[in-house]
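Asks: Contents of protein16.tsv (TSV, C-alpha atoms) are given next:
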chain	number	residue	atom	x	y	z
L	39	MET	CA	98.17	100.71	187.11
L	40	ARG	CA	101.76	101.52	186.23
L	41	PHE	CA	103.89	99.98	183.44
L	42	ASP	CA	107.51	100.35	182.32
L	43	SER	CA	106.46	101.07	178.71
L	44	LEU	CA	103.42	101.10	176.46
L	45	ALA	CA	104.08	97.57	175.20
L	46	ASP	CA	104.08	96.33	178.78
L	47	SER	CA	100.50	97.54	179.19
L	48	VAL	CA	99.08	95.17	176.56
L	49	GLY	CA	96.24	92.94	177.82
L	50	ARG	CA	94.34	92.84	181.13
L	51	THR	CA	91.37	94.38	179.37
L	52	PRO	CA	88.03	94.79	181.19
L	53	LEU	CA	85.19	92.29	180.90
L	54	VAL	CA	81.92	94.19	181.09
L	55	GLY	CA	78.36	92.91	181.29
L	56	LEU	CA	75.82	93.63	178.55
L	57	PRO	CA	72.69	93.86	180.73
L	58	ARG	CA	70.41	95.31	178.05
L	59	LEU	CA	71.37	92.85	175.32
L	60	SER	CA	71.39	89.79	177.61
L	61	PRO	CA	68.07	87.94	177.24
L	62	SER	CA	67.59	87.01	180.93
L	63	PRO	CA	69.36	87.04	184.32
L	64	GLU	CA	70.27	83.37	183.69
L	65	VAL	CA	71.63	83.90	180.17
L	66	ARG	CA	74.17	86.68	180.22
L	67	LEU	CA	76.56	88.24	177.71
L	68	TRP	CA	79.94	89.68	178.70
L	69	ALA	CA	82.15	91.82	176.45
L	70	LYS	CA	85.96	91.69	176.58
L	71	LEU	CA	86.99	95.22	175.59
L	72	GLU	CA	90.07	94.69	173.43
L	73	GLN	CA	89.93	98.27	172.13
L	74	ASN	CA	91.47	99.15	175.49
L	75	ASN	CA	94.82	97.81	174.29
L	76	PRO	CA	97.54	100.40	173.49
L	77	THR	CA	96.84	100.72	169.75
L	78	GLY	CA	93.15	100.00	170.11
L	79	SER	CA	92.74	96.38	169.08
L	80	ILE	CA	93.16	92.77	170.15
L	81	LYS	CA	96.06	92.48	167.71
L	82	ASP	CA	98.46	94.10	170.18
L	83	ARG	CA	98.62	90.75	171.94
L	84	ALA	CA	99.64	88.75	168.85
L	85	ALA	CA	102.04	91.44	167.62
L	86	LEU	CA	103.89	91.64	170.91
L	87	TRP	CA	104.13	87.85	171.24
L	88	MET	CA	105.31	87.34	167.65
L	89	ILE	CA	108.04	90.00	167.99
L	90	ALA	CA	109.18	88.67	171.38
L	91	ASP	CA	109.23	85.14	169.98
L	92	GLY	CA	111.30	86.25	166.98
L	93	GLU	CA	113.81	87.89	169.30
L	94	LYS	CA	113.94	84.83	171.53
L	95	ARG	CA	114.60	82.56	168.55
L	96	GLY	CA	117.30	84.93	167.33
L	97	VAL	CA	115.72	85.60	163.90
L	98	LEU	CA	114.95	89.23	164.80
L	99	THR	CA	118.13	91.19	165.33
L	100	PRO	CA	118.68	94.96	165.70
L	101	GLY	CA	117.87	96.87	162.50
L	102	ALA	CA	115.88	93.98	160.98
L	103	THR	CA	113.08	94.52	158.46
L	104	VAL	CA	109.77	92.92	159.42
L	105	LEU	CA	107.25	92.05	156.67
L	106	GLU	CA	103.57	91.23	157.18
L	107	PRO	CA	100.40	90.83	155.11
L	108	THR	CA	97.79	92.78	157.08
L	109	SER	CA	94.64	94.74	156.32
L	110	GLY	CA	95.16	96.93	159.33
L	111	ASN	CA	95.07	96.10	162.98
L	112	THR	CA	98.00	93.67	163.08
L	113	GLY	CA	100.03	96.11	161.06
L	114	ILE	CA	99.19	98.97	163.43
L	115	SER	CA	100.13	96.84	166.43
L	116	LEU	CA	103.36	95.66	164.80
L	117	ALA	CA	104.22	99.21	163.77
L	118	MET	CA	103.95	100.38	167.39
L	119	VAL	CA	106.13	97.54	168.69
L	120	CYS	CA	108.65	97.74	165.81
L	121	ARG	CA	109.08	101.50	166.18
L	122	GLN	CA	109.90	101.15	169.85
L	123	ARG	CA	112.34	98.32	169.29
L	124	GLY	CA	114.08	99.74	166.23
L	125	TYR	CA	112.78	97.49	163.44
L	126	ARG	CA	111.64	98.59	160.00
L	127	LEU	CA	108.13	97.36	159.10
L	128	VAL	CA	106.72	96.69	155.63
L	129	CYS	CA	102.97	95.89	155.48
L	130	VAL	CA	101.18	94.40	152.48
L	131	MET	CA	97.49	95.32	152.42
L	132	PRO	CA	94.63	95.14	149.91
L	133	GLU	CA	94.03	98.50	148.23
L	134	ASN	CA	90.35	98.45	149.33
L	135	THR	CA	90.97	98.83	153.06
L	136	SER	CA	89.94	102.06	154.79
L	137	ILE	CA	91.92	105.30	154.59
L	138	GLU	CA	92.19	105.54	158.38
L	139	ARG	CA	94.09	102.29	158.46
L	140	ARG	CA	96.63	103.50	155.93
L	141	GLN	CA	97.15	106.78	157.75
L	142	LEU	CA	97.53	105.06	161.09
L	143	LEU	CA	100.14	102.66	159.70
L	144	GLN	CA	102.11	105.48	158.13
L	145	MET	CA	101.89	107.55	161.30
L	146	TRP	CA	103.54	104.77	163.29
L	147	GLY	CA	106.24	104.51	160.64
L	148	ALA	CA	105.24	101.47	158.60
L	149	GLU	CA	105.83	101.27	154.84
L	150	ILE	CA	102.85	100.05	152.82
L	151	ARG	CA	102.83	97.89	149.70
L	152	TYR	CA	99.42	97.39	148.09
L	153	SER	CA	97.89	94.21	146.74
L	154	PRO	CA	94.96	94.18	144.27
L	155	ALA	CA	91.47	94.54	145.83
L	156	ALA	CA	90.19	91.54	143.89
L	157	GLY	CA	91.36	88.52	145.82
L	158	GLY	CA	91.23	90.32	149.17
L	159	SER	CA	93.49	89.13	151.94
L	160	ASN	CA	94.41	86.03	149.91
L	161	GLU	CA	96.18	88.25	147.44
L	162	ALA	CA	97.92	90.21	150.24
L	163	VAL	CA	99.29	86.94	151.59
L	164	ALA	CA	100.49	85.94	148.10
L	165	VAL	CA	102.19	89.30	147.51
L	166	ALA	CA	103.87	89.16	150.94
L	167	LYS	CA	105.18	85.66	150.24
L	168	ARG	CA	106.61	86.90	146.94
L	169	LEU	CA	108.31	89.88	148.65
L	170	ALA	CA	109.74	87.54	151.28
L	171	ALA	CA	111.26	85.36	148.55
L	172	GLU	CA	112.78	88.43	146.84
L	173	ASN	CA	114.19	89.79	150.10
L	174	PRO	CA	115.62	86.84	151.99
L	175	ASP	CA	116.91	89.03	154.84
L	176	TRP	CA	113.41	90.34	155.65
L	177	ILE	CA	111.54	88.58	158.44
L	178	MET	CA	107.94	87.66	157.73
L	179	LEU	CA	106.23	86.97	161.06
L	180	TYR	CA	103.23	85.53	159.19
L	181	GLN	CA	100.36	85.76	161.66
L	182	TYR	CA	98.35	83.02	159.88
L	183	GLY	CA	100.93	80.37	160.66
L	184	ASN	CA	102.92	81.80	163.59
L	185	ALA	CA	102.28	79.73	166.73
L	186	ALA	CA	103.16	82.78	168.86
L	187	ASN	CA	99.94	84.43	167.62
L	188	ALA	CA	97.76	81.73	169.21
L	189	GLN	CA	100.15	81.43	172.16
L	190	ALA	CA	99.53	85.09	173.08
L	191	HIS	CA	95.88	84.24	173.64
L	192	TYR	CA	96.65	80.97	175.38
L	193	GLU	CA	98.82	82.85	177.87
L	194	THR	CA	96.78	86.04	178.28
L	195	THR	CA	93.24	86.26	176.81
L	196	GLY	CA	92.22	82.80	178.04
L	197	PRO	CA	93.43	83.15	181.65
L	198	GLU	CA	92.05	86.70	181.89
L	199	ILE	CA	88.56	85.60	180.82
L	200	LEU	CA	88.53	82.58	183.12
L	201	GLU	CA	89.63	84.70	186.07
L	202	ASP	CA	86.87	87.25	185.46
L	203	LEU	CA	84.17	84.71	184.50
L	204	PRO	CA	84.87	81.39	186.26
L	205	ASN	CA	81.41	80.01	185.38
L	206	ILE	CA	81.82	80.70	181.64
L	207	THR	CA	79.84	78.38	179.34
L	208	HIS	CA	80.53	79.90	175.89
L	209	PHE	CA	83.37	81.82	174.27
L	210	VAL	CA	82.57	83.65	171.02
L	211	ALA	CA	85.21	85.34	168.85
L	212	GLY	CA	85.98	86.24	165.25
L	213	LEU	CA	87.73	83.90	162.85
L	214	GLY	CA	90.45	85.51	160.75
L	215	THR	CA	93.96	84.25	161.37
L	216	THR	CA	92.20	81.97	163.90
L	217	GLY	CA	94.79	82.94	166.56
L	218	THR	CA	92.28	84.29	169.10
L	219	LEU	CA	90.00	81.25	168.88
L	220	MET	CA	92.80	78.68	168.80
L	221	GLY	CA	94.75	80.10	171.75
L	222	THR	CA	91.86	81.19	173.98
L	223	GLY	CA	89.81	78.15	172.95
L	224	ARG	CA	92.54	75.66	173.86
L	225	TYR	CA	93.13	77.29	177.23
L	226	LEU	CA	89.44	77.38	178.11
L	227	ARG	CA	88.86	73.80	176.95
L	228	GLU	CA	91.66	72.62	179.24
L	229	HIS	CA	90.10	74.39	182.23
L	230	VAL	CA	86.32	74.35	181.65
L	231	PRO	CA	84.78	70.98	180.86
L	232	GLY	CA	81.96	71.19	178.33
L	233	ILE	CA	82.65	74.79	177.28
L	234	SER	CA	81.48	75.83	173.80
L	235	ILE	CA	83.97	77.63	171.56
L	236	VAL	CA	82.07	79.50	168.85
L	237	ALA	CA	83.56	81.13	165.75
L	238	ALA	CA	81.97	84.04	163.87
L	239	GLU	CA	83.37	84.42	160.39
L	240	PRO	CA	82.72	87.59	158.37
L	241	ARG	CA	81.02	86.99	155.02
L	242	TYR	CA	82.07	89.68	152.56
L	243	GLY	CA	80.67	90.81	149.25
L	244	GLU	CA	81.39	88.88	146.07
L	245	LEU	CA	84.44	90.90	145.09
L	246	VAL	CA	86.40	89.60	148.06
L	247	TYR	CA	85.89	86.02	146.91
L	248	GLY	CA	87.25	86.79	143.46
L	249	LEU	CA	89.38	83.67	143.12
L	250	ARG	CA	89.91	82.22	139.69
L	251	ASN	CA	89.76	78.71	141.04
L	252	ILE	CA	88.66	76.86	144.19
L	253	ASP	CA	92.17	75.45	144.51
L	254	GLU	CA	93.50	78.98	145.17
L	255	GLY	CA	91.62	78.95	148.47
L	256	PHE	CA	93.29	79.50	151.80
L	257	VAL	CA	92.99	78.03	155.28
L	258	PRO	CA	95.32	79.51	157.91
L	259	GLU	CA	97.99	77.08	159.05
L	260	LEU	CA	97.04	77.84	162.67
L	261	TYR	CA	93.48	76.59	162.19
L	262	ASP	CA	92.54	73.41	164.06
L	263	PRO	CA	88.79	72.79	163.76
L	264	SER	CA	88.82	70.41	166.74
L	265	VAL	CA	89.14	73.45	169.04
L	266	LEU	CA	85.76	74.79	167.85
L	267	THR	CA	82.24	73.69	168.76
L	268	SER	CA	80.54	75.56	165.94
L	269	ARG	CA	81.27	78.15	163.28
L	270	TYR	CA	78.89	80.73	161.84
L	271	SER	CA	79.12	82.88	158.74
L	272	VAL	CA	77.80	86.40	159.36
L	273	GLY	CA	76.99	88.79	156.53
L	274	PRO	CA	77.40	92.58	156.55
L	275	LYS	CA	73.73	93.35	157.25
L	276	GLU	CA	73.63	91.38	160.52
L	277	ALA	CA	77.10	92.60	161.53
L	278	LEU	CA	76.07	96.24	160.99
L	279	ARG	CA	72.76	95.80	162.84
L	280	ARG	CA	74.50	94.33	165.88
L	281	THR	CA	77.30	96.92	165.79
L	282	ARG	CA	74.64	99.62	166.03
L	283	GLU	CA	72.72	97.77	168.76
L	284	LEU	CA	75.90	97.49	170.80
L	285	VAL	CA	76.46	101.24	170.82
L	286	GLN	CA	72.76	102.12	171.18
L	287	GLU	CA	71.94	99.65	173.95
L	288	GLU	CA	75.22	99.32	175.83
L	289	GLY	CA	77.22	102.39	174.79
L	290	ILE	CA	80.07	100.34	173.32
L	291	PHE	CA	81.36	101.85	170.05
L	292	ALA	CA	82.95	98.88	168.29
L	293	GLY	CA	84.20	97.94	164.84
L	294	ILE	CA	82.02	95.99	162.44
L	295	SER	CA	83.66	92.60	163.01
L	296	THR	CA	82.50	92.85	166.61
L	297	GLY	CA	78.94	93.13	165.30
L	298	ALA	CA	79.44	89.80	163.52
L	299	ILE	CA	80.68	88.22	166.75
L	300	LEU	CA	77.79	89.69	168.73
L	301	HIS	CA	75.35	88.30	166.16
L	302	ALA	CA	76.68	84.77	166.65
L	303	ALA	CA	76.63	85.29	170.43
L	304	MET	CA	73.01	86.46	170.39
L	305	GLY	CA	72.10	83.29	168.49
L	306	VAL	CA	73.86	81.20	171.15
L	307	ALA	CA	72.01	83.14	173.87
L	308	GLU	CA	68.61	82.66	172.22
L	309	ARG	CA	69.20	78.91	171.96
L	310	ALA	CA	70.15	78.71	175.65
L	311	VAL	CA	66.91	80.52	176.57
L	312	ARG	CA	64.90	78.18	174.34
L	313	ASP	CA	66.53	75.12	175.91
L	314	GLY	CA	65.99	76.50	179.42
L	315	ARG	CA	69.72	76.40	180.18
L	316	PRO	CA	71.73	79.07	182.01
L	317	ALA	CA	74.66	80.52	180.05
L	318	GLU	CA	77.56	82.88	180.71
L	319	ILE	CA	78.79	83.98	177.30
L	320	ALA	CA	82.08	85.85	176.78
L	321	VAL	CA	82.25	87.90	173.59
L	322	ILE	CA	85.36	89.53	172.10
L	323	VAL	CA	85.15	93.20	171.16
L	324	CYS	CA	88.03	93.33	168.66
L	325	ASP	CA	88.43	97.07	168.28
L	326	GLY	CA	86.63	100.41	168.42
L	327	GLY	CA	84.61	101.88	165.57
L	328	TRP	CA	86.87	104.86	164.83
L	329	LYS	CA	88.80	103.24	161.99
L	330	TYR	CA	85.59	102.35	160.16
L	331	LEU	CA	83.80	105.72	160.15
L	332	SER	CA	84.77	106.42	156.53
L	333	THR	CA	83.21	103.12	155.42
L	334	GLY	CA	79.77	104.63	156.04
L	335	ALA	CA	78.90	101.87	158.50
L	336	TYR	CA	77.47	104.20	161.13
L	337	ALA	CA	75.61	106.68	158.93
L	338	GLY	CA	72.17	106.51	157.32
L	339	THR	CA	69.94	103.46	157.18
L	340	LEU	CA	71.18	99.88	157.50
L	341	GLU	CA	70.54	99.37	153.80
L	342	GLU	CA	72.68	102.39	152.88
L	343	ALA	CA	75.45	101.23	155.20
L	344	GLU	CA	75.33	97.73	153.73
L	345	ALA	CA	75.59	99.09	150.21
L	346	ALA	CA	78.56	101.22	151.26
L	347	LEU	CA	80.38	98.15	152.61
L	348	GLU	CA	80.05	96.13	149.41
L	349	GLY	CA	83.50	95.21	148.16
L	350	GLN	CA	85.26	96.38	151.32
L	351	LEU	CA	87.11	94.24	153.82
L	352	TRP	CA	85.02	95.37	156.78
L	353	ALA	CA	86.51	92.99	159.28
C	167	MET	CA	63.50	68.47	151.27
C	168	ALA	CA	63.57	71.49	148.99
C	169	VAL	CA	66.34	73.95	149.79
C	170	GLN	CA	67.77	77.14	148.32
C	171	VAL	CA	71.46	77.03	147.41
C	172	ARG	CA	73.67	80.13	147.05
C	173	VAL	CA	76.40	79.60	144.48
C	174	PRO	CA	79.63	81.67	144.57
C	175	THR	CA	80.80	83.55	141.47
C	176	ILE	CA	83.57	81.12	140.56
C	177	LEU	CA	81.14	78.16	140.40
C	178	ARG	CA	78.39	79.87	138.40
C	179	THR	CA	79.87	78.55	135.18
C	180	TYR	CA	78.17	75.30	136.22
C	181	THR	CA	74.76	76.89	136.92
C	182	GLY	CA	74.46	78.95	133.75
C	183	GLY	CA	75.30	82.07	135.73
C	184	ALA	CA	72.59	81.51	138.35
C	185	LYS	CA	73.40	82.82	141.83
C	186	LEU	CA	70.55	81.04	143.56
C	187	VAL	CA	69.39	77.53	142.62
C	188	GLU	CA	66.96	75.03	144.11
C	189	GLY	CA	67.82	71.52	145.14
C	190	THR	CA	66.53	68.58	147.12
C	191	GLY	CA	68.03	66.04	149.52
C	192	ASP	CA	67.94	64.90	153.15
C	193	THR	CA	71.66	65.53	153.56
C	194	ILE	CA	74.35	67.72	151.98
C	195	ALA	CA	75.71	64.65	150.14
C	196	ALA	CA	72.26	63.93	148.67
C	197	LEU	CA	71.81	67.59	147.75
C	198	PHE	CA	75.13	67.59	145.84
C	199	LEU	CA	74.06	64.50	143.86
C	200	ASP	CA	70.75	66.18	143.04
C	201	LEU	CA	72.49	69.39	141.94
C	202	ASP	CA	74.96	67.45	139.80
C	203	SER	CA	72.08	65.85	137.86
C	204	ARG	CA	71.16	69.33	136.59
C	205	TYR	CA	74.49	71.17	136.87
C	206	ASP	CA	76.96	68.67	135.51
C	207	GLY	CA	80.40	68.87	137.11
C	208	LEU	CA	79.43	71.08	140.07
C	209	ARG	CA	79.73	68.27	142.63
C	210	GLY	CA	83.24	67.48	141.39
C	211	ARG	CA	84.37	70.96	142.49
C	212	LEU	CA	82.90	70.56	145.99
C	213	VAL	CA	84.03	67.11	147.10
C	214	THR	CA	87.26	65.10	146.93
C	215	GLY	CA	88.33	61.49	147.43
C	216	ASP	CA	87.68	58.49	145.16
C	217	ASP	CA	84.02	58.29	146.07
C	218	GLY	CA	83.57	62.00	146.77
C	219	SER	CA	83.26	61.23	150.46
C	220	GLU	CA	85.06	64.37	151.65
C	221	LEU	CA	84.36	68.05	151.40
C	222	HIS	CA	87.01	69.92	149.38
C	223	ARG	CA	89.53	71.53	151.73
C	224	PHE	CA	88.96	75.00	150.27
C	225	VAL	CA	85.16	74.79	150.13
C	226	ASN	CA	82.96	75.89	153.03
C	227	ILE	CA	79.29	74.92	153.11
C	228	TYR	CA	76.81	76.53	155.48
C	229	ILE	CA	73.26	75.50	156.39
C	230	ASN	CA	71.43	78.62	157.56
C	231	ASP	CA	74.86	80.23	158.13
C	232	GLU	CA	76.27	77.36	160.24
C	233	ASP	CA	79.39	75.56	158.92
C	234	VAL	CA	78.44	71.96	158.04
C	235	ARG	CA	81.83	70.66	159.19
C	236	PHE	CA	80.44	71.07	162.73
C	237	LEU	CA	77.10	69.47	161.80
C	238	GLY	CA	78.31	66.14	160.43
C	239	GLY	CA	79.99	67.31	157.21
C	240	LEU	CA	78.47	65.80	154.08
C	241	ASP	CA	76.05	63.86	156.32
C	242	ALA	CA	74.65	67.09	157.80
C	243	LYS	CA	70.84	66.93	157.75
C	244	LEU	CA	68.72	69.29	155.69
C	245	GLY	CA	65.22	70.49	156.49
C	246	ASP	CA	62.57	71.92	154.20
C	247	GLY	CA	63.24	75.60	153.46
C	248	ASP	CA	66.85	75.53	154.64
C	249	GLU	CA	69.31	77.90	153.00
C	250	VAL	CA	72.60	76.39	151.88
C	251	THR	CA	75.54	78.69	151.09
C	252	ILE	CA	78.64	77.58	149.22
C	253	LEU	CA	81.76	79.74	149.70
C	254	PRO	CA	85.41	79.32	148.81
C	255	ALA	CA	87.78	79.46	151.81
C	256	VAL	CA	89.71	82.74	151.74
C	257	ALA	CA	92.06	84.49	154.15
C	258	GLY	CA	90.09	86.14	156.94
C	259	GLY	CA	89.78	89.80	157.57
C	260	SER	CA	91.50	91.52	160.39
C	261	ALA	CA	90.81	92.48	164.08
C	262	ASP	CA	90.10	89.03	164.38
C	263	ALA	CA	88.45	90.60	161.88
C	264	ARG	CA	91.21	91.50	160.91
C	265	LEU	CA	94.45	90.55	159.81
If you convert what's in this file into structure tokens, what do you get?

Replies:
Amino acid sequence: MRFDSLADSVGRTPLVGLPRLSPSPEVRLWAKLEQNNPTGSIKDRAALWMIADGEKRGVLTPGATVLEPTSGNTGISLAMVCRQRGYRLVCVMPENTSIERRQLLQMWGAEIRYSPAAGGSNEAVAVAKRLAAENPDWIMLYQYGNAANAQAHYETTGPEILEDLPNITHFVAGLGTTGTLMGTGRYLREHVPGISIVAAEPRYGELVYGLRNIDEGFVPELYDPSVLTSRYSVGPKEALRRTRELVQEEGIFAGISTGAILHAAMGVAERAVRDGRPAEIAVIVCDGGWKYLSTGAYAGTLEEAEAALEGQLWA
Amino acid sequence: MAVQVRVPTILRTYTGGAKLVEGTGDTIAALFLDLDSRYDGLRGRLVTGDDGSELHRFVNIYINDEDVRFLGGLDAKLGDGDEVTILPAVAGGSADARL
């Protein structure tokens, strides 16, 4: 396949079967390998769409400064696109995200501003909003509320999956900004009657939920629960176990959030087997495991890995 | 129905610091009333509306890790030995775990 530039090669990722993890020939799991995108994660889709949308609306002009709260992948994707198009990028990220992520962002030319670890991504969003108010000429794309984020998946991820798996019965993805689930979910619901859209939400250690008050909580503006069929909370132990199973059984070296998604998908598959119903389940592999090596997720026993993840934003 | 309830850090002021408490009820609504009889004020942080008929926007409740908003909300049914987890809604991680 030939493309005019790297950004043009975003998407069209492979959908591969998981024959060893699938419970039966009638209940099958399929993995959408988003680590095959140019910077190695599903976020290339949202980043490209948000930048293109900003240009189309005329808010992004040559030499502009782009601002975004991001713990990694979106920032890396935005940095790649911004560098090529001549924009400056400022990322706000919690100080407890992995060293690889920081180095990758800096390598692609992004500037980093840190937010306190306590409060997690919530705090990064708050700091970014403050910076945006102080610098009115900066453009915050704001992935949590930018319709172009979900639209990227409505226009690409959804159609790609349906083309490769026309008899799909379940779509399982991670819930962060909610862009993947909202966009892909809407597209699939419009085209596949009765499809189940399943969200897997990472459950972090206590530190990440360090709000002072319930009313400081956050729900992404993009989130529309009517798109979902069910939503599961997956803790670090299950996410790690499935991440390791995925590489051991199927040879796919994925990040930890993918383990959380796989865990929810395996639950869906087990229920289908129990109910005697066939199922074709598409699972998102968000990114590869490289960026998470320093977290200790892949070394030692599961218990050691879980202890190492405490207090980190692993997804 | 006796269930185990996991309480997040910011609500432990109501449970005397306890992380795990026991409760009873056939539904989430009934469980909250039962908890409130021992942990005064806890229910008021979890529900909104005049009669407490709605789950607080920034509170997520899970029965055995499944979000109750997709199981009937406050009317979601509880079974003996179920695990209920209360969590505040926070911004997600990245790579769809991800930001």

Asks: CA of Arg227 in chain L and CA of Leu200 in chain L, how far apart in Å?

Replies: 10.7 Å

Asks: Within 7 Å of chain C, which residues belong to chain L? Use only C-alpha atoms and report them as a PyMOL selection string.

Replies: chain L and resi 79-81+108-112+159-160+212-215+247+249-253+255-257+267-272+295+324-325+351+353

Asks: Rounded to one decimal, what separation in Å do you get between CA of Lys185 in chain C and CA of Gly297 in chain L?

Replies: 26.2 Å

Asks: Determine the nearest neighbour of Ser264 in chain L from the options L:Arg224, L:Ala166, L:Ile290, L:Ala310, counting only C-alpha atoms.

Replies: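 The answer is L:Arg224, which sits nearest to Ser264 in chain L.
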
Asks: Hey, can you check how far CA of Glu161 in chain L sits from CA of Tyr182 in chain L?

Replies: 13.7 Å
